[in-house]
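Below: the structure, in structure tokens.
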Amino acid sequence: MREIQDHYFRKAKEEGYRARSAYKLIEIEERRRILRKGDRVLDVGAAPGSWTQVASARVGPTGFVCAFDLKVIDPRGLAENVRVMQADLNKLTSEAFDGEFFNVVISDIGPDTSGDASGDSIRSVALCNTLLDRLPVWLKLGGHVLMKVYEGGGYPALLKRTQQLFGEVKGVKPASSRRESVEMFIVGHGYRGAPEELAQESETKKRGWGDDG
């Protein structure tokens with residue numbers, strides 16, 4: 001296991017990535033295809049910026065990546081299509097992005113681990129739920145999400161909630177994750193909107209409103 005960890009650490013250094021976690025996003029992207037040329041991407045909990053590096057390359061110069069974290073993200077060496085911010089997930093509103101929506105939201109955010117696996121999972125799930133709460137003002141309808149979560153008792157409910165918001169949802173464990181790690185990555189394709197928006201849409205269809213003929 002140590003040899004595998006060292007492999008990704010050395011590879012990141014050789015290929016210019018800020019952390020070995022870049023390969024988790026690369027592997028998930030190759031399997032699930034959530035990033036396209038020209039996409040606007042919001043990178044949540046982005047420090048030190050390895051996912052930002054991968055995303056900015058995938059969306060290309062016509063795309064855009066906004067990366068934020070509670071920690072400072074060093075902008076030096078990042079592509080011109082990247083904007084970095086120091087911000088709190090719990091306080092960031094759509095005004096920070098001039099009301100613009102994103103095609104994809106990615107999140108490698110996690111709580112500081114305490115050694116209490118159950119408590120760490122609870123805090124991780126809470127962060128993911130906060131992220132899902134923000135999607136109505138961040139993510140375009142039809143957009144995609146990728147978020148890391150520590151598995152535990154709250155994981156099934158989080159997965160179910162994500163399935164209610166997206167057309168297709170998968171839990172993914174990349175090979176570059178440490179075998180003993182409890183981290184899992186939830187990928188959601190085809191954002192449907194907030195539940196109340198879905199309910200309104202359903203009611204509209206039942207009454208025959210909004211039909212062009």
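Letters A, B, ... go to the chains of the structure tokens in the order shown; residues in each chain start at 1; ligands are counted from 1 in the same order.
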Within 12 Å of region 27-33 of chain A: each region 88-148 of chain A residue with its shortest pair, only C-alpha atoms, as a Markdown table:
```
| residue | atom | partner | partner_atom | distance |
| --- | --- | --- | --- | --- |
| A:Val104 | CA | A:Arg33 | CA | 11.0 |
| A:Ile106 | CA | A:Glu29 | CA | 11.0 |
| A:Gly143 | CA | A:Arg33 | CA | 11.9 |
| A:His144 | CA | A:Arg33 | CA | 9.7 |
| A:Val145 | CA | A:Arg32 | CA | 10.9 |
| A:Leu146 | CA | A:Ile28 | CA | 9.0 |
| A:Met147 | CA | A:Ile28 | CA | 11.0 |
| A:Lys148 | CA | A:Ile28 | CA | 11.4 |
```
Atoms kept (C-alpha atoms) for selection, written as a PDB file, in the first residue's frame:
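Saved file again00.pdb follows:
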```pdb
ATOM      1  CA  VAL A 104     -20.416  21.373 -13.011  1.00  0.00           C
ATOM      2  CA  ILE A 106     -16.891  19.461  -7.925  1.00  0.00           C
ATOM      3  CA  GLY A 143     -25.563  20.053 -14.821  1.00  0.00           C
ATOM      4  CA  HIS A 144     -23.376  17.598 -12.918  1.00  0.00           C
ATOM      5  CA  VAL A 145     -21.951  17.245  -9.411  1.00  0.00           C
ATOM      6  CA  LEU A 146     -19.003  15.341  -7.947  1.00  0.00           C
ATOM      7  CA  MET A 147     -18.464  15.346  -4.200  1.00  0.00           C
ATOM      8  CA  LYS A 148     -16.314  13.442  -1.748  1.00  0.00           C
TER       9      LYS A 148
END
```
- Query: Skipping near chain neighbours, those fewer than 6 positions away, what residues fall within 9 Å of region 155-157 of chain A using only C-alpha atoms, listed as a list in words?
  - Reply: Ser121, Ile122, Val125 and Val149 of chain A
Filtering to C-alpha atoms, could you give me those residues as an mmCIF file, in the first residue's frame?
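As a result, result07.cif now contains:
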```
data_model
loop_
_atom_site.group_PDB
_atom_site.id
_atom_site.type_symbol
_atom_site.label_atom_id
_atom_site.label_comp_id
_atom_site.auth_asym_id
_atom_site.auth_seq_id
_atom_site.Cartn_x
_atom_site.Cartn_y
_atom_site.Cartn_z
ATOM 1 C CA SER A 121 -18.431 10.746 8.629
ATOM 2 C CA ILE A 122 -21.236 12.757 10.226
ATOM 3 C CA VAL A 125 -22.122 14.141 5.228
ATOM 4 C CA VAL A 149 -17.884 11.962 1.359
#
```
- Hey, what's within 8 Å of region 13-26 of chain A if we count only C-alpha atoms and toss same-chain stuff fewer than 5 positions away? As a list of chain:residue names, please? A:Tyr8, A:Pro48, A:Gly49, A:Ser50, A:Trp51, A:Gln53, A:Val54, A:Pro174, A:Ala175, A:Ser176, A:Ser177
- Suppose you want the space between CA of Arg134 (chain A) and CA of Leu78 (chain A); what is it in Å? 26.0 Å
- Message: Need the shell around Leu158 (chain A): protein/DNA/RNA residues with any atom at most 12 Å away, counting only C-alpha atoms. Skip same-chain ones fewer than 4 positions apart. Format as number ranges by chain?
- Response: A: 121-122, 124-133, 147-154, 162-165, 169-171, 184-188
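Remark: for Asp69 (chain A), the closest of the candidate residues A:Ser56, A:Ser114, A:Ser107, A:Asn81 is A:Ser107 (distances computed over only C-alpha atoms).
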- Item | Residue contacts of Ala87 (chain A) (10 Å, only C-alpha atoms) excluding same-chain residues fewer than 5 positions away, as a ChimeraX atom specification | /A:44-45,67-72,92,96
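Counting only C-alpha atoms and comparing A:Val41, A:Cys66, A:Val59, A:Leu139, the residue that lies closest to Ala194 (chain A) is A:Leu139.
Every residue of region 59-151 of chain A with a DSSP assignment of strand (DSSP E), taken from the backbone, is listed as Phe64, Val65, Cys66, Ala67, Phe68, Asp69, Val82, Arg83, Val84, Met85, Gln86, Phe102, Asn103, Val104, Val105, Ile106, Ser107, Leu139, Lys140, Leu141, Gly142, Gly143, His144, Val145, Leu146, Met147, Lys148, Val149 and Tyr150 of chain A.
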